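This report refers to the structure that appears directly beneath it.
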Amino acid sequence: MILPSCGRVAVFDAPNMPFRLVEYPLRPPQAGEVLVRVRMSTICRSDIHSYQGRRPSPCPGLLGHEIVGEIVALGADVSADLCDASLAVGDRITWSEYFVPGRNYFREVLDLPQKSPGVDKYGHMSAETPPHHHGGFAEYCYVRPDSWLLRLPDVLSDAEATPINCGVATMCAVIDAAEIRIGDTVVIQGLGLLGLYGAALAKARGAGRVIGIDRVAARRLLAQRFGVDTAVDPENVPKIERGADVVIEVCGDPAVLVSGLDILRIGGRYVLAGLVSPGARVDFDANLIVRKLITMTGVHNYHPRHLVQARDFVVAQRTHYPFSELVDGIYTLTEVDRAMADAAACRVLRAAIVP
Ligand SMILES: [Zn+2]
C-alpha cells in the first residue's frame, strides 16, 4: 500500500494546556519497526498524571500507551509476534507499553526487561523526538524495535483489546506475584479498572472469595459483575476468619497499608502496585511484617509473558465479564481535551480516543 506522507498527533505544550493537533511526516518503518494506524487508545491513570504535571513528562508531550493498531507497513526483520504468529499488513495488534535499547543485563540476566536502563515508553516522550509518532493520541504510531508484539483475534472488540497492554497485563503480573492458590481469600484495595481486572483474574486463578474495598459506591456496584463477592467501603471490611491469604493494593493511597497488614493472615502475601508516585510515605508497625511472616512484593509494569496472559485471559473470559463496558467514553482526536477532563474527573471509567 502507499504510505501517507504525514499523520496528525495531539500534543500539549505544558501541563494542563489545551491539546493541539500537529502534523509530522511519516517514513517507511526501519528494520525491526512496525507502522500501525491507531484504531483506539484509552486514557490510563498515568496519562492523567503526566498531563497534570504530577509525573515528569517531556513537552510538547504526546500521550497514550494503551493502544490497538492495524499494521500499515512492516520493517525488515519483523514477520511474527511474541507467540510466533505471522504478521501481515492489515493485522490488528497490541504491543508492550515499553521498548528497550537492545540486549542488557536486566533483560538477559535478571529477566526484568521492563527495568532495562534507557527503557522508553509509548506516550511518554516529546513529540519532537523522531519518529514523532510514538503515542496513542495520534493517527499513526511506530512500534519501535525491541517492543513485544501480539496479534489480536477478530473475536475481541477494540474496547476489549485496548486496555490489555497496560491495565490487564499489569494485573497479570500482580496476580503472578500474589501466587493465588485455589480457595484463597483475596482482598483488593481499590476497585478502579485495575481492581476489576484483578478480581476477575483472581477468580480465574481459583480464589474462593474476593473482597473489594472502595469508597465509591458506583464502583462497588460494578465490581460485583467482575468477580467481587463482597464489595465494601473501607469502614465496613468484614471480619475474615484467620485473615486474608492475599491483599492487593491498587488504590494508590499509602495509608491503606495499615489496614492491609491487619487484614492479612499469618504467612499472607501483600502485593503493592498502585503506589506509582514518589513520596508515598506511611507510618506503620513494621514489626507486623516480621511477626506475621508477611511477604510483601512491589509490581511495576510487567514482563512480556504477562502481555500474552492478558490477551488470552480476555479472550477466554470475555463472555463471563463485561470487559467492553469498561470503555465507556469515545472521543475523536479533536476531542482529547474533553476526554482528558472527563477521565480526570472520573466521569468515565476508561475514555477512549478513536482517531
Ligand atoms: Zn497505563
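Just remember, in the C-alpha cells the first chain shown is A, the second B, etc., residues are 1-based per chain, and ligands are 1-based in the order shown.
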**OP:** Write out as a list in words each polymer residue whose atoms come within 9 Å of stretch 99-110 of chain A, counting only C-alpha atoms; drop sequence neighbours fewer than 5 positions from it.
**Re:** Lys115, Ser116, Pro117, Gly118, Val119, Asp120, Lys121, Tyr122, Val143, Arg144, Pro145, Asp146, Ser147 and Trp148 of chain A
Using only C-alpha atoms and all ligand atoms, what table do you get, as a tab-separated table, when you list each residue of chain A with an atom no more than 6 Å from ligand 1, its nearest pair of atoms, and their distance in Å rounded to one decimal, rows by chain then rising number?
residue	atom	partner	partner_atom_place_in_ligand_line	distance
A:Cys44	CA	ligand 1	1 (Zn)	4.6
A:Ser46	CA	ligand 1	1 (Zn)	5.6
A:Cys166	CA	ligand 1	1 (Zn)	4.7
Next, dump the selected residues to file, keeping only C-alpha atoms, as a short mmCIF file (atom, residue, chain, number, x, y, z; two decimals), in the first residue's frame.
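As a result, again.cif now contains:
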data_model
loop_
_atom_site.label_atom_id
_atom_site.label_comp_id
_atom_site.auth_asym_id
_atom_site.auth_seq_id
_atom_site.Cartn_x
_atom_site.Cartn_y
_atom_site.Cartn_z
CA CYS A 44 -4.77 5.44 31.61
CA SER A 46 -0.66 7.59 34.31
CA CYS A 166 -1.31 -1.82 30.36
#
Between stretch 129-211 of chain A and stretch 281-301 of chain A, at 12 Å or less, what are the per-residue closest atom pairs and their distances in Å? Count only C-alpha atoms, order by chain and rising residue number, and return it as JSON lines.
{"residue": "A:Asn165", "atom": "CA", "partner": "A:Asn301", "partner_atom": "CA", "distance": 9.7}
{"residue": "A:Cys166", "atom": "CA", "partner": "A:Asn301", "partner_atom": "CA", "distance": 7.5}
{"residue": "A:Gly167", "atom": "CA", "partner": "A:Asn301", "partner_atom": "CA", "distance": 9.2}
{"residue": "A:Val168", "atom": "CA", "partner": "A:Asn301", "partner_atom": "CA", "distance": 10.5}
{"residue": "A:Ala169", "atom": "CA", "partner": "A:Asn301", "partner_atom": "CA", "distance": 7.9}
{"residue": "A:Thr170", "atom": "CA", "partner": "A:Asn301", "partner_atom": "CA", "distance": 5.5}
{"residue": "A:Met171", "atom": "CA", "partner": "A:Asn301", "partner_atom": "CA", "distance": 9.0}
{"residue": "A:Cys172", "atom": "CA", "partner": "A:Asn301", "partner_atom": "CA", "distance": 10.0}
{"residue": "A:Ala173", "atom": "CA", "partner": "A:Val299", "partner_atom": "CA", "distance": 7.0}
{"residue": "A:Val174", "atom": "CA", "partner": "A:Val299", "partner_atom": "CA", "distance": 6.2}
{"residue": "A:Ile175", "atom": "CA", "partner": "A:Val299", "partner_atom": "CA", "distance": 9.8}
{"residue": "A:Asp176", "atom": "CA", "partner": "A:Val299", "partner_atom": "CA", "distance": 9.8}
{"residue": "A:Ala177", "atom": "CA", "partner": "A:Thr297", "partner_atom": "CA", "distance": 7.0}
{"residue": "A:Ala178", "atom": "CA", "partner": "A:Thr297", "partner_atom": "CA", "distance": 8.0}
{"residue": "A:Glu179", "atom": "CA", "partner": "A:Thr295", "partner_atom": "CA", "distance": 10.8}
Subject >> 8 Å contact set for A:Gly192, only C-alpha atoms, chain neighbours under 4 positions out, as a list in words >> reply: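 Close residues of A:Gly192: Leu196, Arg219, Val250, Cys251 and Leu349 of chain A.
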Write out as a short mmCIF file (atom, residue, chain, number, x, y, z; two decimals) with all heavy atoms, in the first residue's frame all residues of stretch 169-302 of chain A that DSSP puts in alpha helix (DSSP H) for this structure's backbone.
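Now in states-v9.cif:
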data_model
loop_
_atom_site.label_atom_id
_atom_site.label_comp_id
_atom_site.auth_asym_id
_atom_site.auth_seq_id
_atom_site.Cartn_x
_atom_site.Cartn_y
_atom_site.Cartn_z
N ALA A 169 -2.37 -6.47 31.54
CA ALA A 169 -1.04 -7.10 31.67
C ALA A 169 -0.42 -6.80 33.04
O ALA A 169 0.20 -7.67 33.65
CB ALA A 169 -0.13 -6.63 30.55
N THR A 170 -0.60 -5.57 33.53
CA THR A 170 -0.08 -5.23 34.85
C THR A 170 -0.73 -6.11 35.92
O THR A 170 -0.07 -6.61 36.83
CB THR A 170 -0.34 -3.74 35.16
OG1 THR A 170 0.34 -2.95 34.19
CG2 THR A 170 0.16 -3.37 36.56
N MET A 171 -2.05 -6.33 35.78
CA MET A 171 -2.72 -7.15 36.79
C MET A 171 -2.34 -8.63 36.65
O MET A 171 -2.35 -9.36 37.65
CB MET A 171 -4.24 -6.96 36.71
CG MET A 171 -4.70 -5.61 37.23
SD MET A 171 -3.91 -5.05 38.77
CE MET A 171 -4.61 -6.18 39.98
N CYS A 172 -1.98 -9.07 35.46
CA CYS A 172 -1.46 -10.44 35.32
C CYS A 172 -0.15 -10.56 36.10
O CYS A 172 0.10 -11.58 36.76
CB CYS A 172 -1.23 -10.79 33.85
SG CYS A 172 -2.76 -11.11 32.95
N ALA A 173 0.69 -9.51 36.05
CA ALA A 173 1.93 -9.52 36.82
C ALA A 173 1.64 -9.52 38.33
O ALA A 173 2.31 -10.19 39.11
CB ALA A 173 2.78 -8.31 36.44
N VAL A 174 0.61 -8.78 38.72
CA VAL A 174 0.23 -8.71 40.15
C VAL A 174 -0.26 -10.08 40.63
O VAL A 174 0.14 -10.56 41.69
CB VAL A 174 -0.86 -7.63 40.36
CG1 VAL A 174 -1.52 -7.77 41.73
CG2 VAL A 174 -0.26 -6.24 40.19
N ILE A 175 -1.14 -10.69 39.84
CA ILE A 175 -1.71 -11.98 40.24
C ILE A 175 -0.62 -13.05 40.30
O ILE A 175 -0.60 -13.92 41.18
CB ILE A 175 -2.84 -12.38 39.26
CG1 ILE A 175 -4.00 -11.37 39.34
CG2 ILE A 175 -3.31 -13.80 39.48
CD1 ILE A 175 -4.69 -11.29 40.68
N ASP A 176 0.33 -12.96 39.36
CA ASP A 176 1.51 -13.84 39.36
C ASP A 176 2.27 -13.69 40.68
O ASP A 176 2.59 -14.67 41.36
CB ASP A 176 2.42 -13.40 38.19
CG ASP A 176 3.08 -14.56 37.51
OD1 ASP A 176 2.84 -15.71 37.93
OD2 ASP A 176 3.86 -14.33 36.56
N ALA A 177 2.55 -12.45 41.04
CA ALA A 177 3.32 -12.17 42.26
C ALA A 177 2.55 -12.59 43.52
O ALA A 177 3.15 -12.96 44.52
CB ALA A 177 3.65 -10.67 42.33
N ALA A 178 1.22 -12.53 43.46
CA ALA A 178 0.40 -12.87 44.63
C ALA A 178 0.31 -14.38 44.85
O ALA A 178 -0.13 -14.83 45.91
CB ALA A 178 -1.00 -12.30 44.46
N LEU A 193 -10.19 0.37 37.40
CA LEU A 193 -10.02 -0.60 36.32
C LEU A 193 -9.10 -1.76 36.73
O LEU A 193 -9.40 -2.92 36.50
CB LEU A 193 -9.45 0.10 35.09
CG LEU A 193 -9.55 -0.68 33.81
CD1 LEU A 193 -10.90 -0.44 33.13
CD2 LEU A 193 -8.42 -0.32 32.86
N LEU A 194 -7.97 -1.43 37.39
CA LEU A 194 -7.02 -2.47 37.80
C LEU A 194 -7.67 -3.44 38.77
O LEU A 194 -7.51 -4.65 38.68
CB LEU A 194 -5.76 -1.86 38.41
CG LEU A 194 -4.85 -1.03 37.50
CD1 LEU A 194 -3.60 -0.61 38.26
CD2 LEU A 194 -4.47 -1.80 36.25
N GLY A 195 -8.40 -2.89 39.73
CA GLY A 195 -9.05 -3.74 40.73
C GLY A 195 -10.08 -4.68 40.12
O GLY A 195 -10.20 -5.83 40.53
N LEU A 196 -10.80 -4.17 39.13
CA LEU A 196 -11.84 -5.00 38.49
C LEU A 196 -11.20 -6.15 37.70
O LEU A 196 -11.61 -7.31 37.82
CB LEU A 196 -12.70 -4.15 37.56
CG LEU A 196 -13.50 -3.03 38.24
CD1 LEU A 196 -14.30 -2.24 37.20
CD2 LEU A 196 -14.43 -3.58 39.31
N TYR A 197 -10.17 -5.84 36.91
CA TYR A 197 -9.45 -6.92 36.21
C TYR A 197 -8.82 -7.87 37.22
O TYR A 197 -8.80 -9.08 37.02
CB TYR A 197 -8.37 -6.35 35.30
CG TYR A 197 -8.87 -5.75 34.01
CD1 TYR A 197 -8.64 -4.41 33.70
CD2 TYR A 197 -9.56 -6.53 33.07
CE1 TYR A 197 -9.09 -3.86 32.51
CE2 TYR A 197 -10.01 -5.98 31.88
CZ TYR A 197 -9.77 -4.65 31.61
OH TYR A 197 -10.22 -4.10 30.43
N GLY A 198 -8.30 -7.31 38.30
CA GLY A 198 -7.65 -8.13 39.33
C GLY A 198 -8.63 -9.12 39.95
O GLY A 198 -8.27 -10.29 40.19
N ALA A 199 -9.86 -8.68 40.19
CA ALA A 199 -10.88 -9.56 40.77
C ALA A 199 -11.18 -10.71 39.81
O ALA A 199 -11.22 -11.88 40.21
CB ALA A 199 -12.14 -8.77 41.08
N ALA A 200 -11.39 -10.36 38.55
CA ALA A 200 -11.71 -11.40 37.55
C ALA A 200 -10.55 -12.38 37.40
O ALA A 200 -10.75 -13.60 37.29
CB ALA A 200 -12.05 -10.74 36.21
N LEU A 201 -9.32 -11.86 37.42
CA LEU A 201 -8.14 -12.72 37.30
C LEU A 201 -7.98 -13.62 38.53
O LEU A 201 -7.63 -14.80 38.42
CB LEU A 201 -6.88 -11.86 37.13
CG LEU A 201 -6.59 -11.37 35.71
CD1 LEU A 201 -5.64 -10.18 35.75
CD2 LEU A 201 -6.00 -12.48 34.86
N ALA A 202 -8.23 -13.05 39.72
CA ALA A 202 -8.11 -13.84 40.95
C ALA A 202 -9.08 -15.02 40.92
O ALA A 202 -8.73 -16.15 41.28
CB ALA A 202 -8.37 -12.96 42.17
N LYS A 203 -10.30 -14.75 40.44
CA LYS A 203 -11.30 -15.82 40.34
C LYS A 203 -10.83 -16.89 39.34
O LYS A 203 -10.96 -18.09 39.59
CB LYS A 203 -12.65 -15.25 39.92
CG LYS A 203 -13.49 -14.74 41.08
CD LYS A 203 -13.96 -15.90 41.94
CE LYS A 203 -14.55 -15.49 43.27
NZ LYS A 203 -15.86 -14.85 43.16
N ALA A 204 -10.26 -16.42 38.22
CA ALA A 204 -9.77 -17.36 37.20
C ALA A 204 -8.65 -18.23 37.76
O ALA A 204 -8.47 -19.37 37.35
CB ALA A 204 -9.31 -16.61 35.95
N ALA A 217 -19.41 4.20 45.69
CA ALA A 217 -20.50 3.22 45.66
C ALA A 217 -20.70 2.64 44.26
O ALA A 217 -20.94 1.44 44.11
CB ALA A 217 -21.79 3.86 46.17
N ALA A 218 -20.60 3.49 43.23
CA ALA A 218 -20.83 3.00 41.85
C ALA A 218 -19.80 1.95 41.47
O ALA A 218 -20.11 0.97 40.78
CB ALA A 218 -20.76 4.18 40.88
N ARG A 219 -18.58 2.13 41.94
CA ARG A 219 -17.53 1.14 41.65
C ARG A 219 -17.82 -0.18 42.36
O ARG A 219 -17.58 -1.25 41.82
CB ARG A 219 -16.17 1.67 42.10
CG ARG A 219 -15.63 2.78 41.24
CD ARG A 219 -14.29 3.21 41.78
NE ARG A 219 -13.59 4.09 40.87
CZ ARG A 219 -12.31 4.43 41.01
NH1 ARG A 219 -11.61 3.94 42.03
NH2 ARG A 219 -11.74 5.24 40.17
N ARG A 220 -18.31 -0.08 43.60
CA ARG A 220 -18.63 -1.30 44.36
C ARG A 220 -19.73 -2.09 43.65
O ARG A 220 -19.70 -3.31 43.60
CB ARG A 220 -19.05 -0.94 45.78
CG ARG A 220 -17.95 -0.29 46.60
CD ARG A 220 -18.26 -0.37 48.09
NE ARG A 220 -19.47 0.34 48.48
CZ ARG A 220 -19.50 1.61 48.88
NH1 ARG A 220 -18.38 2.31 48.95
NH2 ARG A 220 -20.64 2.18 49.22
N LEU A 221 -20.68 -1.35 43.09
CA LEU A 221 -21.79 -1.99 42.38
C LEU A 221 -21.27 -2.71 41.13
O LEU A 221 -21.60 -3.87 40.87
CB LEU A 221 -22.81 -0.90 42.00
CG LEU A 221 -24.25 -1.35 41.76
CD1 LEU A 221 -24.82 -1.98 43.02
CD2 LEU A 221 -25.10 -0.17 41.31
N LEU A 222 -20.45 -2.01 40.36
CA LEU A 222 -19.90 -2.57 39.13
C LEU A 222 -19.02 -3.79 39.44
O LEU A 222 -18.99 -4.78 38.70
CB LEU A 222 -19.09 -1.50 38.39
CG LEU A 222 -18.51 -1.86 37.03
CD1 LEU A 222 -19.63 -2.18 36.03
CD2 LEU A 222 -17.64 -0.72 36.49
N ALA A 223 -18.30 -3.72 40.56
CA ALA A 223 -17.33 -4.76 40.91
C ALA A 223 -17.99 -6.13 41.03
O ALA A 223 -17.36 -7.16 40.78
CB ALA A 223 -16.64 -4.40 42.22
N VAL A 256 -3.48 2.88 53.20
CA VAL A 256 -4.20 1.61 53.31
C VAL A 256 -3.28 0.46 53.74
O VAL A 256 -3.77 -0.63 54.08
CB VAL A 256 -4.92 1.22 51.99
CG1 VAL A 256 -5.88 2.31 51.54
CG2 VAL A 256 -3.93 0.88 50.88
N LEU A 257 -1.98 0.69 53.75
CA LEU A 257 -1.06 -0.37 54.18
C LEU A 257 -1.34 -0.82 55.61
O LEU A 257 -1.18 -1.99 55.95
CB LEU A 257 0.40 0.10 54.08
CG LEU A 257 1.18 -0.45 52.88
CD1 LEU A 257 0.74 0.27 51.61
CD2 LEU A 257 2.67 -0.31 53.09
N VAL A 258 -1.76 0.12 56.43
CA VAL A 258 -2.03 -0.20 57.84
C VAL A 258 -3.13 -1.25 57.93
O VAL A 258 -2.98 -2.28 58.60
CB VAL A 258 -2.40 1.08 58.61
CG1 VAL A 258 -2.78 0.74 60.04
CG2 VAL A 258 -1.25 2.07 58.58
N SER A 259 -4.25 -1.01 57.23
CA SER A 259 -5.35 -1.98 57.30
C SER A 259 -5.01 -3.24 56.51
O SER A 259 -5.42 -4.34 56.89
CB SER A 259 -6.66 -1.36 56.83
OG SER A 259 -6.58 -0.98 55.48
N GLY A 260 -4.24 -3.09 55.43
CA GLY A 260 -3.85 -4.27 54.65
C GLY A 260 -3.08 -5.27 55.50
O GLY A 260 -3.34 -6.48 55.45
N LEU A 261 -2.14 -4.77 56.29
CA LEU A 261 -1.35 -5.65 57.16
C LEU A 261 -2.22 -6.27 58.24
O LEU A 261 -2.00 -7.41 58.66
CB LEU A 261 -0.20 -4.85 57.80
CG LEU A 261 0.96 -4.50 56.86
CD1 LEU A 261 1.92 -3.54 57.55
CD2 LEU A 261 1.69 -5.75 56.40
N ASP A 262 -3.21 -5.52 58.67
CA ASP A 262 -4.12 -6.03 59.70
C ASP A 262 -5.01 -7.14 59.15
O ASP A 262 -5.28 -8.13 59.82
CB ASP A 262 -4.96 -4.85 60.22
CG ASP A 262 -5.92 -5.28 61.31
OD1 ASP A 262 -5.44 -5.90 62.29
OD2 ASP A 262 -7.14 -5.04 61.17
N ILE A 263 -5.44 -6.97 57.89
CA ILE A 263 -6.36 -7.93 57.27
C ILE A 263 -5.68 -9.26 56.95
O ILE A 263 -6.30 -10.33 57.00
CB ILE A 263 -6.93 -7.32 55.95
CG1 ILE A 263 -7.89 -6.16 56.25
CG2 ILE A 263 -7.62 -8.36 55.09
CD1 ILE A 263 -8.21 -5.30 55.03
N ASN A 287 7.00 -4.26 62.55
CA ASN A 287 7.08 -5.50 63.35
C ASN A 287 6.02 -6.52 62.91
O ASN A 287 6.22 -7.73 62.99
CB ASN A 287 6.91 -5.15 64.84
CG ASN A 287 6.67 -6.38 65.69
OD1 ASN A 287 5.56 -6.65 66.13
ND2 ASN A 287 7.74 -7.15 65.89
N LEU A 288 4.90 -5.99 62.41
CA LEU A 288 3.83 -6.88 61.94
C LEU A 288 4.30 -7.76 60.78
O LEU A 288 3.90 -8.92 60.67
CB LEU A 288 2.62 -6.05 61.47
CG LEU A 288 1.71 -5.49 62.56
CD1 LEU A 288 0.66 -4.60 61.92
CD2 LEU A 288 1.05 -6.63 63.33
N ILE A 289 5.15 -7.20 59.91
CA ILE A 289 5.66 -7.97 58.77
C ILE A 289 6.46 -9.16 59.27
O ILE A 289 6.34 -10.29 58.77
CB ILE A 289 6.53 -7.08 57.85
CG1 ILE A 289 5.70 -5.91 57.32
CG2 ILE A 289 7.12 -7.88 56.70
CD1 ILE A 289 6.51 -4.89 56.53
N VAL A 290 7.27 -8.91 60.30
CA VAL A 290 8.10 -9.98 60.87
C VAL A 290 7.24 -10.99 61.62
O VAL A 290 7.27 -12.19 61.35
CB VAL A 290 9.15 -9.36 61.83
CG1 VAL A 290 9.95 -10.46 62.53
CG2 VAL A 290 10.07 -8.42 61.06
N ARG A 291 6.46 -10.49 62.55
CA ARG A 291 5.72 -11.38 63.44
C ARG A 291 4.67 -12.20 62.70
O ARG A 291 4.40 -13.35 63.05
CB ARG A 291 5.07 -10.55 64.56
CG ARG A 291 4.91 -11.28 65.86
CD ARG A 291 4.93 -10.34 67.09
NE ARG A 291 4.37 -9.02 66.82
CZ ARG A 291 3.08 -8.71 66.90
NH1 ARG A 291 2.20 -9.62 67.24
NH2 ARG A 291 2.67 -7.48 66.66
#
Original post:
Near A:His303, within 7 Å and counting only C-alpha atoms, which residues show up once chain neighbours fewer than 6 positions away are dropped, as a list of chain:residue names?
Top reply: A:Leu112, A:Pro113, A:Gln114
Restricted to C-alpha atoms, what would the selected residues look like written as an mmCIF file, in the first residue's frame?
data_model
loop_
_atom_site.group_PDB
_atom_site.id
_atom_site.type_symbol
_atom_site.label_atom_id
_atom_site.label_comp_id
_atom_site.auth_asym_id
_atom_site.auth_seq_id
_atom_site.Cartn_x
_atom_site.Cartn_y
_atom_site.Cartn_z
ATOM 1 C CA LEU A 112 13.322 -7.777 34.130
ATOM 2 C CA PRO A 113 13.208 -6.223 30.641
ATOM 3 C CA GLN A 114 10.807 -3.524 31.841
#
Original post:
Looking only at the backbone, which of the residues in stretch 30-256 of chain A does DSSP tag as strand (DSSP E), as JSON, numbers by chain?
Top reply: {"A": [34, 35, 36, 37, 38, 39, 40, 41, 42, 61, 62, 66, 67, 68, 69, 70, 71, 72, 73, 74, 92, 93, 94, 95, 98, 99, 120, 121, 125, 126, 140, 141, 142, 143, 149, 150, 151, 185, 186, 187, 188, 189, 209, 210, 211, 212, 213, 230, 231, 232, 244, 245, 246, 247, 248, 249]}
